[in-house]
file upload.cif (mmCIF, C-alpha atoms)
data_upload
loop_
_atom_site.label_atom_id
_atom_site.label_comp_id
_atom_site.auth_asym_id
_atom_site.auth_seq_id
_atom_site.Cartn_x
_atom_site.Cartn_y
_atom_site.Cartn_z
CA MET U 135 -11.06 15.13 33.12
CA SER U 136 -9.64 12.98 30.42
CA PHE U 137 -10.08 12.71 26.67
CA LYS U 138 -9.12 10.16 24.06
CA LEU U 139 -5.82 10.51 22.26
CA GLU U 140 -4.88 8.44 19.23
CA ILE U 141 -1.50 8.45 17.55
CA ILE U 142 -1.59 6.64 14.23
CA SER U 143 1.29 5.89 11.89
CA PRO U 144 1.01 3.99 8.59
CA GLN U 145 2.61 0.97 10.21
CA ASP U 146 0.71 0.85 13.44
CA LYS U 147 -1.52 2.47 15.99
CA VAL U 148 1.20 3.85 18.24
CA PHE U 149 -0.92 5.15 21.08
CA ASP U 150 -4.59 4.87 21.96
CA ASP U 151 -5.67 5.81 25.46
CA GLU U 152 -7.46 8.29 27.69
CA VAL U 153 -5.14 11.12 28.71
CA ASP U 154 -5.41 14.36 30.71
CA LEU U 155 -3.11 16.64 28.76
CA CYS U 156 -0.85 16.49 25.76
CA ILE U 157 1.56 19.11 24.51
CA MET U 158 2.49 19.07 20.84
CA PRO U 159 4.96 20.94 18.67
CA GLY U 160 2.73 22.77 16.18
CA VAL U 161 4.14 24.63 13.18
CA GLU U 162 3.25 27.93 14.80
CA GLY U 163 4.36 26.99 18.31
CA ASP U 164 3.76 24.40 20.97
CA PHE U 165 0.21 23.90 22.10
CA GLY U 166 -1.44 21.94 24.87
CA VAL U 167 -4.66 20.06 24.53
CA LEU U 168 -7.06 19.54 27.44
CA LYS U 169 -10.55 18.16 27.51
CA ASN U 170 -13.14 20.14 25.54
CA HIS U 171 -10.56 21.80 23.34
CA MET U 172 -12.09 23.64 20.40
CA PRO U 173 -12.06 21.80 17.03
CA PHE U 174 -8.65 22.42 15.63
CA LEU U 175 -6.50 21.27 12.73
CA THR U 176 -2.82 21.92 12.31
CA THR U 177 0.47 20.36 11.26
CA LEU U 178 3.49 19.63 13.38
CA ARG U 179 7.17 20.45 13.15
CA LEU U 180 10.03 18.36 14.50
CA GLY U 181 9.74 18.15 18.26
CA ILE U 182 8.49 16.22 21.23
CA ALA U 183 4.90 15.38 22.08
CA TYR U 184 4.34 15.08 25.84
CA ILE U 185 1.51 13.03 27.20
CA TYR U 186 0.23 13.43 30.76
CA LYS U 187 -2.12 11.30 32.75
CA GLU U 188 -3.09 11.81 36.37
CA LYS U 189 -0.71 14.77 36.64
CA LYS U 190 2.25 12.68 35.61
CA LEU U 191 4.23 12.61 32.39
CA ILE U 192 3.58 9.10 31.11
CA GLU U 193 5.00 9.19 27.61
CA LYS U 194 7.18 11.24 25.29
CA PHE U 195 7.30 10.88 21.52
CA LEU U 196 9.78 12.34 19.10
CA VAL U 197 7.70 13.44 16.10
CA ASN U 198 8.89 14.70 12.77
CA GLY U 199 5.95 16.40 11.12
CA GLY U 200 2.38 15.22 11.10
CA VAL U 201 -1.21 16.31 11.21
CA VAL U 202 -3.25 16.85 14.36
CA GLU U 203 -7.00 16.86 14.28
CA ILE U 204 -8.87 17.77 17.43
CA SER U 205 -12.57 17.16 17.34
CA LYS U 206 -15.15 17.35 20.09
CA LYS U 207 -14.62 13.80 21.18
CA GLN U 208 -10.99 13.07 20.62
CA CYS U 209 -7.58 14.11 19.46
CA THR U 210 -5.87 12.34 16.58
CA LEU U 211 -2.26 12.64 15.53
CA LEU U 212 -1.33 11.30 12.10
CA THR U 213 2.38 10.99 11.43
CA GLU U 214 4.78 8.92 9.40
CA ASP U 215 7.86 9.56 11.48
CA ILE U 216 7.43 8.96 15.19
CA VAL U 217 9.56 7.30 17.86
CA ARG U 218 8.84 6.66 21.52
CA SER U 219 11.53 8.70 23.21
CA LYS U 220 12.86 5.79 25.24
CA ASP U 221 13.31 3.79 22.02
CA PHE U 222 15.30 6.53 20.37
CA GLU U 223 18.91 5.66 19.68
CA ILE U 224 21.68 7.35 17.77
CA VAL U 225 22.35 5.26 14.70
CA ASN U 226 25.07 7.37 13.18
CA ASN U 227 27.46 8.97 15.67
CA ASN U 228 28.59 11.69 13.27
CA ASP U 229 25.11 12.83 12.44
CA LEU U 230 24.66 16.14 14.23
CA ILE U 231 20.89 16.10 13.68
CA GLU U 232 20.61 12.76 15.44
CA ILE U 233 22.74 13.97 18.32
CA SER U 234 20.61 17.08 18.77
CA LYS U 235 17.49 14.95 18.61
CA LYS U 236 18.92 12.80 21.39
CA LYS U 237 19.69 15.89 23.48
CA LEU U 238 16.16 17.10 22.96
CA VAL U 239 14.77 13.79 24.11
CA ASP U 240 17.00 13.62 27.17
CA ASN U 241 16.19 17.13 28.42
CA PRO U 242 12.47 17.62 28.07
CA TYR U 243 11.29 21.18 28.15
CA TYR U 244 8.06 20.36 29.94
CA SER U 245 8.12 17.79 32.69
CA MET L 48 2.49 -46.81 -26.53
CA PRO L 49 4.96 -45.54 -23.93
CA SER L 50 6.89 -48.16 -22.06
CA LEU L 51 6.31 -48.77 -18.35
CA LYS L 52 9.56 -47.04 -17.49
CA ASP L 53 8.47 -43.89 -19.36
CA LEU L 54 5.22 -43.89 -17.46
CA ARG L 55 6.98 -44.32 -14.13
CA ASN L 56 9.27 -41.40 -14.96
CA ARG L 57 6.35 -39.18 -15.91
CA ILE L 58 4.50 -40.03 -12.72
CA SER L 59 7.49 -39.24 -10.56
CA SER L 60 8.12 -35.95 -12.37
CA VAL L 61 4.51 -34.87 -11.93
CA LYS L 62 4.76 -35.84 -8.27
CA SER L 63 7.78 -33.65 -7.71
CA THR L 64 6.08 -30.75 -9.49
CA LYS L 65 3.13 -31.23 -7.19
CA LYS L 66 5.43 -31.05 -4.19
CA ILE L 67 6.78 -27.72 -5.40
CA THR L 68 3.37 -26.21 -6.15
CA SER L 69 1.89 -27.31 -2.84
CA ALA L 70 4.89 -25.87 -0.99
CA MET L 71 4.48 -22.60 -2.89
CA LYS L 72 0.81 -22.57 -2.00
CA MET L 73 1.64 -22.95 1.68
CA VAL L 74 4.24 -20.17 1.54
CA ALA L 75 1.83 -17.87 -0.30
CA ALA L 76 -0.87 -18.55 2.28
CA ALA L 77 1.47 -17.57 5.11
CA LYS L 78 2.62 -14.45 3.26
CA LEU L 79 -0.97 -13.57 2.42
CA LYS L 80 -1.84 -13.55 6.09
CA ARG L 81 0.98 -11.13 6.83
CA ALA L 82 0.26 -8.94 3.82
CA GLN L 83 -3.39 -8.74 4.79
CA ASP L 84 -2.47 -7.77 8.35
CA ASN L 85 -0.19 -5.04 7.04
CA ALA L 86 -2.84 -3.74 4.68
CA GLU L 87 -5.32 -3.60 7.54
CA LYS L 88 -2.86 -1.78 9.79
CA THR L 89 -2.54 1.13 7.35
CA ARG L 90 -6.28 1.38 6.90
CA PRO L 91 -7.03 3.58 9.98
CA TYR L 92 -4.30 5.99 8.93
CA ALA L 93 -5.51 6.18 5.34
CA GLU L 94 -9.14 6.58 6.38
CA LYS L 95 -8.39 9.33 8.89
CA MET L 96 -6.26 11.12 6.31
CA MET L 97 -9.07 10.95 3.76
CA GLU L 98 -11.47 12.39 6.33
CA VAL L 99 -9.16 15.31 7.04
CA VAL L 100 -8.58 16.00 3.35
CA SER L 101 -12.24 15.85 2.46
CA SER L 102 -13.18 18.07 5.38
CA LEU L 103 -10.69 20.60 4.03
CA THR L 104 -11.61 20.36 0.34
CA ASN L 105 -15.34 20.39 0.99
CA LYS L 106 -15.09 23.84 2.49
CA GLY L 107 -15.32 25.37 -0.97
CA ASN L 108 -13.21 28.20 -2.43
CA GLN L 109 -10.20 25.89 -2.34
CA THR L 110 -9.83 25.75 -6.12
CA SER L 111 -6.91 28.12 -5.77
CA PHE L 112 -4.49 25.77 -4.05
CA LYS L 113 -1.78 24.35 -6.19
CA PHE L 114 -2.69 20.65 -6.42
CA ALA L 115 -6.28 21.28 -7.51
CA LYS L 116 -5.41 23.42 -10.48
CA GLN L 117 -6.32 21.88 -13.79
CA LYS L 118 -3.20 22.35 -15.85
CA ASP L 119 -2.99 23.59 -19.41
CA VAL L 120 -5.37 21.38 -21.38
CA SER L 121 -3.66 21.76 -24.77
CA LYS L 122 -0.84 19.33 -23.99
CA LYS L 123 -2.27 16.81 -21.60
CA THR L 124 0.08 14.20 -20.23
CA THR L 125 -0.97 11.50 -17.83
CA LEU L 126 1.44 9.75 -15.55
CA LEU L 127 0.58 6.14 -14.82
CA LEU L 128 2.02 4.53 -11.71
CA VAL L 129 1.80 0.85 -12.55
CA CYS L 130 2.13 -1.50 -9.57
CA SER L 131 2.78 -5.14 -10.33
CA ALA L 132 4.58 -8.05 -8.73
CA ASP L 133 8.29 -8.76 -8.83
CA ARG L 134 7.76 -12.43 -9.51
CA GLY L 135 5.64 -14.58 -11.73
CA LEU L 136 3.77 -17.81 -11.04
CA CYS L 137 0.79 -16.02 -9.63
CA GLY L 138 -1.92 -16.84 -12.12
CA GLY L 139 -3.40 -13.99 -14.09
CA PHE L 140 -2.25 -11.35 -11.63
CA ASN L 141 0.43 -9.62 -13.67
CA GLY L 142 -1.36 -10.36 -16.93
CA SER L 143 -4.49 -8.54 -15.90
CA ILE L 144 -2.51 -5.50 -14.74
CA ILE L 145 -0.70 -5.37 -18.06
CA LYS L 146 -3.92 -5.76 -20.02
CA PHE L 147 -5.63 -3.06 -17.98
CA THR L 148 -2.71 -0.67 -18.53
CA LYS L 149 -2.66 -1.24 -22.28
CA LYS L 150 -6.39 -0.64 -22.50
CA LEU L 151 -6.13 2.56 -20.49
CA VAL L 152 -3.24 3.83 -22.63
CA ASP L 153 -5.22 3.17 -25.83
CA GLN L 154 -8.20 4.94 -24.37
CA LEU L 155 -6.09 7.95 -23.42
CA LYS L 156 -4.44 7.97 -26.84
CA THR L 157 -7.76 8.20 -28.65
CA ASN L 158 -8.51 11.22 -26.47
CA GLY L 159 -5.22 12.75 -27.53
CA VAL L 160 -3.53 12.36 -24.16
CA ASN L 161 0.12 11.45 -23.87
CA THR L 162 1.20 8.95 -21.24
CA LYS L 163 4.26 8.54 -19.08
CA PHE L 164 5.09 5.65 -16.81
CA ILE L 165 6.60 4.85 -13.48
CA PHE L 166 6.71 1.13 -12.84
CA VAL L 167 6.76 -0.36 -9.38
CA GLY L 168 7.48 -4.05 -9.70
CA LYS L 169 9.49 -5.96 -12.26
CA LYS L 170 6.84 -7.87 -14.18
CA ALA L 171 4.83 -5.05 -15.71
CA TYR L 172 8.05 -3.25 -16.58
CA GLN L 173 9.43 -6.30 -18.38
CA ALA L 174 6.25 -6.73 -20.36
CA LEU L 175 5.69 -3.09 -21.28
CA LYS L 176 9.21 -1.69 -21.58
CA ARG L 177 9.43 -2.47 -25.28
CA LEU L 178 6.14 -0.76 -26.06
CA TYR L 179 6.65 2.35 -23.98
CA SER L 180 10.41 2.52 -23.50
CA ASP L 181 10.68 6.20 -24.50
CA THR L 182 8.03 7.36 -22.05
CA THR L 183 9.14 5.30 -19.05
CA ILE L 184 10.46 7.60 -16.38
CA ASP L 185 11.41 5.19 -13.68
CA ASN L 186 11.25 1.59 -12.63
CA ILE L 187 11.40 0.40 -9.05
CA SER L 188 11.83 -3.28 -8.34
CA ASP L 189 12.54 -5.45 -5.33
CA PHE L 190 10.32 -3.15 -3.33
CA ALA L 191 8.68 -5.84 -1.25
CA ASN L 192 11.91 -7.19 0.10
CA PRO L 193 11.43 -8.11 2.95
CA SER L 194 8.39 -5.87 3.48
CA ILE L 195 7.01 -2.70 1.98
CA LYS L 196 8.39 0.39 3.61
CA PHE L 197 6.69 3.74 3.73
CA GLU L 198 9.85 5.34 2.34
CA ILE L 199 9.18 3.76 -1.05
CA ALA L 200 5.79 5.42 -1.24
CA SER L 201 7.19 8.77 -0.19
CA SER L 202 10.06 8.60 -2.70
CA VAL L 203 7.58 7.80 -5.49
CA ARG L 204 5.39 10.65 -4.25
CA ASP L 205 8.35 13.06 -4.40
CA LYS L 206 9.01 12.09 -8.02
CA VAL L 207 5.38 12.54 -8.97
CA LEU L 208 5.07 15.93 -7.32
CA ASP L 209 8.34 17.05 -8.87
CA LEU L 210 7.06 16.20 -12.36
CA TYR L 211 3.74 17.83 -11.59
CA GLU L 212 5.33 21.06 -10.45
CA LYS L 213 7.56 21.15 -13.52
CA ASN L 214 4.40 20.96 -15.63
CA GLU L 215 5.55 17.73 -17.27
CA ILE L 216 2.41 15.90 -16.27
CA SER L 217 -1.13 17.11 -15.84
CA GLU L 218 -2.66 14.04 -14.24
CA CYS L 219 -1.54 11.05 -12.27
CA TYR L 220 -3.20 7.67 -11.84
CA LEU L 221 -2.21 4.77 -9.64
CA ILE L 222 -2.87 1.38 -11.20
CA TYR L 223 -3.00 -1.38 -8.63
CA THR L 224 -4.96 -4.48 -7.73
CA LYS L 225 -7.51 -4.08 -5.02
CA PHE L 226 -7.68 -7.02 -2.67
CA LYS L 227 -11.16 -8.36 -2.09
CA SER L 228 -10.51 -11.93 -1.08
CA ALA L 229 -7.98 -14.65 -1.84
CA ILE L 230 -9.89 -15.57 -4.98
CA SER L 231 -11.15 -12.24 -6.25
CA GLN L 232 -9.08 -9.16 -7.00
CA ASN L 233 -9.81 -6.18 -9.17
CA VAL L 234 -7.41 -4.00 -11.11
CA GLU L 235 -8.24 -0.36 -10.46
CA ALA L 236 -7.00 3.06 -11.46
CA LEU L 237 -6.99 5.64 -8.71
CA LYS L 238 -6.68 9.33 -9.48
CA LEU L 239 -3.95 10.93 -7.39
CA LEU L 240 -3.55 14.28 -9.10
CA PRO L 241 -5.03 16.80 -9.54
CA VAL L 242 -7.01 16.62 -6.33
CA GLU L 243 -10.69 16.72 -7.09
CA VAL L 244 -12.63 19.44 -5.39
CA GLU L 245 -16.24 18.43 -5.67
CA ASP L 246 -18.37 21.52 -5.91
CA LYS L 247 -21.46 19.38 -5.79
CA ASN L 248 -20.54 18.13 -2.36
CA VAL L 249 -20.25 21.64 -1.05
CA ASP L 250 -23.78 22.40 -2.16
CA SER L 251 -25.40 19.20 -1.00
CA ASP L 252 -23.42 19.06 2.21
CA SER L 253 -23.87 22.69 3.11
CA GLY L 254 -26.93 21.74 5.11
CA THR L 255 -25.06 19.16 7.12
CA GLN L 256 -21.91 21.23 7.19
CA GLN L 257 -23.50 23.68 9.53
CA ASN L 258 -24.22 20.93 11.97
CA SER L 259 -20.75 19.46 11.74
CA ILE L 260 -17.86 21.00 13.56
CA SER L 261 -16.14 24.00 12.06
CA TYR L 262 -12.44 23.66 12.62
CA ASP L 263 -9.97 26.28 13.56
CA TYR L 264 -7.15 26.05 11.05
CA GLU L 265 -3.62 27.01 11.89
CA PRO L 266 -1.95 28.70 10.07
CA SER L 267 -4.38 28.68 7.11
CA GLU L 268 -6.44 26.29 5.05
CA GLU L 269 -4.24 26.69 1.97
CA PHE L 270 -1.10 26.00 3.97
CA LEU L 271 -2.62 22.92 5.55
CA LEU L 272 -3.78 21.58 2.19
CA GLU L 273 -0.34 22.03 0.71
CA GLU L 274 1.11 20.12 3.67
CA ILE L 275 -1.50 17.42 3.90
CA ILE L 276 -2.11 16.53 0.27
CA PRO L 277 1.44 15.27 -0.40
CA ARG L 278 1.07 13.14 2.73
CA ASN L 279 -2.25 11.86 1.51
CA ILE L 280 -0.77 10.92 -1.86
CA ALA L 281 2.04 9.01 -0.17
CA VAL L 282 -0.46 7.19 2.01
CA GLN L 283 -2.56 6.25 -0.99
CA ILE L 284 0.47 4.94 -2.85
CA HIS L 285 1.56 3.03 0.23
CA SER L 286 -1.81 1.43 0.80
CA GLY L 287 -2.07 0.68 -2.93
CA LEU L 288 1.23 -1.17 -2.76
CA LEU L 289 0.11 -3.11 0.28
CA GLU L 290 -3.19 -4.08 -1.35
CA ASN L 291 -1.23 -5.09 -4.41
CA LEU L 292 1.06 -7.34 -2.39
CA ALA L 293 -1.87 -8.99 -0.65
CA SER L 294 -3.55 -9.54 -4.02
CA GLU L 295 -0.37 -11.01 -5.44
CA GLN L 296 -0.08 -13.53 -2.64
CA GLY L 297 -3.78 -14.35 -2.81
CA SER L 298 -3.65 -14.91 -6.51
CA ARG L 299 -0.49 -16.99 -6.19
CA MET L 300 -2.15 -19.09 -3.54
CA THR L 301 -5.14 -19.82 -5.79
CA ALA L 302 -2.97 -20.48 -8.82
CA MET L 303 -0.78 -22.90 -6.90
CA ASP L 304 -3.82 -24.57 -5.39
CA ASN L 305 -5.17 -25.14 -8.90
CA ALA L 306 -1.82 -26.43 -10.08
CA THR L 307 -1.66 -28.88 -7.18
CA ARG L 308 -5.15 -30.11 -7.95
CA ASN L 309 -4.29 -30.51 -11.63
CA ALA L 310 -1.17 -32.44 -10.70
CA ASN L 311 -3.29 -34.75 -8.54
CA ASP L 312 -5.66 -35.40 -11.45
CA MET L 313 -2.76 -36.06 -13.74
CA ILE L 314 -1.15 -38.49 -11.30
CA ASP L 315 -4.46 -40.36 -10.95
CA ASN L 316 -4.86 -40.68 -14.72
CA LEU L 317 -1.26 -41.68 -15.27
CA THR L 318 -1.37 -44.26 -12.47
CA LEU L 319 -4.52 -45.77 -13.95
CA PHE L 320 -2.92 -45.90 -17.37
CA TYR L 321 0.26 -47.35 -15.89
CA ASN L 322 -1.62 -50.14 -14.09
CA ARG L 323 -3.62 -50.93 -17.19
CA SER L 324 -0.51 -51.19 -19.31
CA ARG L 325 1.15 -53.37 -16.69
CA GLN L 326 -1.81 -55.71 -16.59
CA ALA L 327 -1.99 -55.81 -20.39
CA LEU L 328 1.66 -56.76 -20.48
CA ILE L 329 1.17 -59.57 -17.96
CA THR L 330 -1.85 -60.86 -19.87
CA LYS L 331 0.10 -60.77 -23.10
CA GLU L 332 2.95 -62.75 -21.55
CA LEU L 333 0.50 -65.31 -20.11
CA ILE L 334 -1.15 -65.77 -23.52
CA GLU L 335 2.24 -66.24 -25.09
CA ILE L 336 3.19 -68.92 -22.53
CA ILE L 337 -0.13 -70.74 -22.74
CA SER L 338 -0.26 -70.74 -26.52
CA GLY L 339 3.38 -71.84 -26.57
CA ALA L 340 2.55 -74.74 -24.22
CA GLU L 341 -0.47 -75.71 -26.32
CA ALA L 342 1.64 -75.83 -29.46
CA VAL L 343 3.94 -78.35 -27.78
#
call {"tool": "encode", "arguments": {"input": "upload.cif", "output": "structure tokens"}}
result
Amino acid sequence: MSFKLEIISPQDKVFDDEVDLCIMPGVEGDFGVLKNHMPFLTTLRLGIAYIYKEKKLIEKFLVNGGVVEISKKQCTLLTEDIVRSKDFEIVNNNDLIEISKKKLVDNPYYS
Amino acid sequence: MPSLKDLRNRISSVKSTKKITSAMKMVAAAKLKRAQDNAEKTRPYAEKMMEVVSSLTNKGNQTSFKFAKQKDVSKKTTLLLVCSADRGLCGGFNGSIIKFTKKLVDQLKTNGVNTKFIFVGKKAYQALKRLYSDTTIDNISDFANPSIKFEIASSVRDKVLDLYEKNEISECYLIYTKFKSAISQNVEALKLLPVEVEDKNVDSDSGTQQNSISYDYEPSEEFLLEEIIPRNIAVQIHSGLLENLASEQGSRMTAMDNATRNANDMIDNLTLFYNRSRQALITKELIEIISGAEAV
């Protein structure tokens, strides 16, 4: 039971594949998307998007805001600020926000 | 008549100019390829964003949200975001942007609309700063160095929205060059603000709307519009800048190609003239020798 998930940023198509489940940080709370989700449109807050395939967590993304559109066929995430969690690095050691982001990435809530 | 040495000098100077123009053409062609790729990469994002926005605005009764409001008509001010290149030597590229802007400003003036400017790119700013110095709000240059970042678009967007919310502007247009192909580009003005809510579409689409999916909005349509429209504006500015860069490189490539061809023509003509003069000189010397010998 898989559906198509696309993650698009202005620079690139970050992710485009069939997945089983994805969990996203919506403005009003985290939500999971499975196949045949109802048509849905919302925005995201800062958080992690988890992507599962064949009952395994295959990818994590750190997203900072964005728009999610779920239609009958597929799920699309539009965002300007997205990093694959394994690519995330602390640039500025004194930046508390960056450090907390790193902590968030290292200890996923859902796994 | 110029001496042979003068001719030789001219030929060699034209040749070195040709070298420069053909090198510039090659560089522009390589950059054009990259700029085109970048412009194409943003396209899916921009298209999807447009879809989302139009699906939201076509729902009707959205005239209440803050970016659709037509502001006080008595003192209309239009903000023009003029995108041009940072460098010259690209044919009529900057010239046509400047001409287009001037025409638009005159048109707006006759309708009693004031104009304000934000320039992105050095060339249009240099050409128009004397005319519109008192209404220029900002000028951003060196933006394409080394490549266009999304942050530029979002910082411009922030400025525009700030002015809009302070009621200093009532409209905003983006002036940029749309890239069609390496030889044809069009200067266009794109309306960014206020967001048009087409009532007509609601009526004509209402039949199809029922068939299309009705979305569940979270938290509310107004909230989503207020979140999404600033994003959409940034995306439009960003893709406008990318199109502009691709057009600039395309137009530079064509201009330099023409220049190289002209240089070739000139070298041919000069070489012909040079050879003719050389032969004439030899003939003259021969006549002098022969007639001298005959006299003896």
call {"tool": "resolve_selection", "arguments": {"input": "upload.cif", "expression": "the PyMOL selection byres ((chain L) within 7 of (chain U))", "output": "PDB file with C-alpha atoms, in the frame of the given file"}}
result
ATOM      1  CA  LYS L  88      -2.860  -1.780   9.790  1.00  0.00           C
ATOM      2  CA  THR L  89      -2.540   1.130   7.350  1.00  0.00           C
ATOM      3  CA  TYR L  92      -4.300   5.990   8.930  1.00  0.00           C
ATOM      4  CA  ILE L 260     -17.860  21.000  13.560  1.00  0.00           C
ATOM      5  CA  SER L 261     -16.140  24.000  12.060  1.00  0.00           C
ATOM      6  CA  TYR L 262     -12.440  23.660  12.620  1.00  0.00           C
ATOM      7  CA  ASP L 263      -9.970  26.280  13.560  1.00  0.00           C
ATOM      8  CA  TYR L 264      -7.150  26.050  11.050  1.00  0.00           C
ATOM      9  CA  GLU L 265      -3.620  27.010  11.890  1.00  0.00           C
ATOM     10  CA  LEU L 271      -2.620  22.920   5.550  1.00  0.00           C
TER      11      LEU L 271
END
call {"tool": "residues_around", "arguments": {"input": "upload.cif", "residues": "range 228-235 of chain U", "least_positions_apart": "6", "cutoff": "10 Å", "atoms": "only C-alpha atoms", "output": "compact mmCIF listing (two decimals) with C-alpha atoms, in the coordinates of the input"}}
result
# COMPACT_ATOMS: atom_id res chain seq x y z
CA LEU U 180 10.03 18.36 14.50
CA GLY U 181 9.74 18.15 18.26
CA ILE U 182 8.49 16.22 21.23
CA LEU U 196 9.78 12.34 19.10
CA SER U 219 11.53 8.70 23.21
CA PHE U 222 15.30 6.53 20.37
call {"tool": "atom_distance", "arguments": {"input": "upload.cif", "atom1": "CA of Leu126 in chain L", "atom2": "CA of Ser286 in chain L"}}
result
18.6 Å
call {"tool": "resolve_selection", "arguments": {"input": "upload.cif", "expression": "the PyMOL selection byres ((chain L and resi 97) around 12)", "output": "compact mmCIF listing (two decimals) with C-alpha atoms, in the coordinates of the input"}}
result
# COMPACT_ATOMS: atom_id res chain seq x y z
CA LEU U 212 -1.33 11.30 12.10
CA ARG L 90 -6.28 1.38 6.90
CA PRO L 91 -7.03 3.58 9.98
CA TYR L 92 -4.30 5.99 8.93
CA ALA L 93 -5.51 6.18 5.34
CA GLU L 94 -9.14 6.58 6.38
CA LYS L 95 -8.39 9.33 8.89
CA MET L 96 -6.26 11.12 6.31
CA GLU L 98 -11.47 12.39 6.33
CA VAL L 99 -9.16 15.31 7.04
CA VAL L 100 -8.58 16.00 3.35
CA SER L 101 -12.24 15.85 2.46
CA SER L 102 -13.18 18.07 5.38
CA LEU L 103 -10.69 20.60 4.03
CA THR L 104 -11.61 20.36 0.34
CA ASN L 105 -15.34 20.39 0.99
CA VAL L 242 -7.01 16.62 -6.33
CA LEU L 272 -3.78 21.58 2.19
CA ILE L 275 -1.50 17.42 3.90
CA ILE L 276 -2.11 16.53 0.27
CA ARG L 278 1.07 13.14 2.73
CA ASN L 279 -2.25 11.86 1.51
CA ILE L 280 -0.77 10.92 -1.86
CA ALA L 281 2.04 9.01 -0.17
CA VAL L 282 -0.46 7.19 2.01
CA GLN L 283 -2.56 6.25 -0.99
call {"tool": "residues_near_point", "arguments": {"input": "upload.cif", "point": "(7.6, 11.0, 28.5)", "cutoff": "10 Å", "atoms": "only C-alpha atoms", "output": "list in words"}}
result
Ile182, Ala183, Tyr184, Ile185, Tyr186, Lys190, Leu191, Ile192, Glu193, Lys194, Phe195, Leu196, Arg218, Ser219, Lys220, Val239, Asp240, Pro242, Tyr244 and Ser245 of chain U
call {"tool": "resolve_selection", "arguments": {"input": "upload.cif", "expression": "the PyMOL selection byres ((chain L and resi 195-203) around 8)", "output": "PyMOL selection string"}}
result
(chain U and resi 144+214) or (chain L and resi 190-194+204-207+281-282+284-285+288-289)
call {"tool": "atom_distance", "arguments": {"input": "upload.cif", "atom1": "CA of Asn198 in chain U", "atom2": "CA of Asp150 in chain U"}}
result
19.0 Å
call {"tool": "atom_distance", "arguments": {"input": "upload.cif", "atom1": "CA of Ala310 in chain L", "atom2": "CA of Lys66 in chain L"}}
result
9.4 Å
call {"tool": "closest_atom_pairs", "arguments": {"input": "upload.cif", "of": "range 216-307 of chain L", "to": "range 158-168 of chain L", "cutoff": "10 Å", "atoms": "all atoms listed in the file", "output": "tab-separated table"}}
result
residue	atom	partner	partner_atom	distance
L:Ile216	CA	L:Lys163	CA	8.1
L:Ser217	CA	L:Val160	CA	9.9
L:Glu218	CA	L:Thr162	CA	9.5
L:Cys219	CA	L:Lys163	CA	9.3
L:Tyr220	CA	L:Phe164	CA	9.9
L:Leu221	CA	L:Ile165	CA	9.6
L:Ile222	CA	L:Phe166	CA	9.7
L:Tyr223	CA	L:Val167	CA	9.8
L:Leu288	CA	L:Val167	CA	8.7
call {"tool": "closest_residue", "arguments": {"input": "upload.cif", "among": "U:Leu178, U:Val217, U:Gln208, U:His171", "to": "Asp151 in chain U", "atoms": "all atoms listed in the file"}}
result
U:Gln208
call {"tool": "closest_residue", "arguments": {"input": "upload.cif", "among": "L:Gln154, L:Ser69, L:Thr183, L:Thr224", "to": "Leu292 in chain L", "atoms": "all atoms listed in the file"}}
result
L:Thr224
call {"tool": "closest_residue", "arguments": {"input": "upload.cif", "among": "U:Lys187, U:Lys207, U:Leu139, U:Lys236", "to": "Glu223 in chain U", "atoms": "all atoms listed in the file"}}
result
U:Lys236
call {"tool": "axis_aligned_box", "arguments": {"input": "upload.cif", "around": "range 64-73 of chain L", "padding_each_side": "5 Å", "output": "AutoDock Vina command-line options"}}
result
--center_x 3.8 --center_y -26.9 --center_z -3.9 --size_x 16.0 --size_y 18.7 --size_z 21.2
call {"tool": "closest_residue", "arguments": {"input": "upload.cif", "among": "L:Leu178, L:Arg323, L:Ala82, L:Leu128", "to": "Lys149 in chain L", "atoms": "all atoms listed in the file"}}
result
L:Leu178
call {"tool": "closest_residue", "arguments": {"input": "upload.cif", "among": "L:Lys176, L:Lys150, L:Lys123, L:Lys170", "to": "Val234 in chain L", "atoms": "all atoms listed in the file"}}
result
L:Lys150
call {"tool": "residues_around", "arguments": {"input": "upload.cif", "residues": "Asp154 in chain U", "least_positions_apart": "4", "cutoff": "9 Å", "atoms": "only C-alpha atoms", "output": "list in words"}}
result
Met135, Ser136, Phe137, Lys138, Val167, Leu168, Lys169, Ile185, Tyr186, Lys187, Glu188 and Lys189 of chain U
call {"tool": "write_last_selection", "arguments": {"input": "upload.cif", "atoms": "C-alpha atoms", "output": "PDB file, in the coordinates of the input"}}
result
ATOM      1  CA  MET U 135     -11.060  15.130  33.120  1.00  0.00           C
ATOM      2  CA  SER U 136      -9.640  12.980  30.420  1.00  0.00           C
ATOM      3  CA  PHE U 137     -10.080  12.710  26.670  1.00  0.00           C
ATOM      4  CA  LYS U 138      -9.120  10.160  24.060  1.00  0.00           C
ATOM      5  CA  VAL U 167      -4.660  20.060  24.530  1.00  0.00           C
ATOM      6  CA  LEU U 168      -7.060  19.540  27.440  1.00  0.00           C
ATOM      7  CA  LYS U 169     -10.550  18.160  27.510  1.00  0.00           C
ATOM      8  CA  ILE U 185       1.510  13.030  27.200  1.00  0.00           C
ATOM      9  CA  TYR U 186       0.230  13.430  30.760  1.00  0.00           C
ATOM     10  CA  LYS U 187      -2.120  11.300  32.750  1.00  0.00           C
ATOM     11  CA  GLU U 188      -3.090  11.810  36.370  1.00  0.00           C
ATOM     12  CA  LYS U 189      -0.710  14.770  36.640  1.00  0.00           C
TER      13      LYS U 189
END
call {"tool": "decode", "arguments": {"input": "upload.cif", "residues": "range 217-221 of chain U", "atoms": "C-alpha atoms", "output": "short mmCIF file (atom, residue, chain, number, x, y, z; two decimals), in the first residue's frame"}}
result
data_model
loop_
_atom_site.label_atom_id
_atom_site.label_comp_id
_atom_site.auth_asym_id
_atom_site.auth_seq_id
_atom_site.Cartn_x
_atom_site.Cartn_y
_atom_site.Cartn_z
CA VAL U 217 17.72 19.57 4.72
CA ARG U 218 18.18 15.82 4.66
CA SER U 219 18.82 15.06 8.30
CA LYS U 220 22.09 13.24 7.64
CA ASP U 221 23.37 16.31 5.77
#
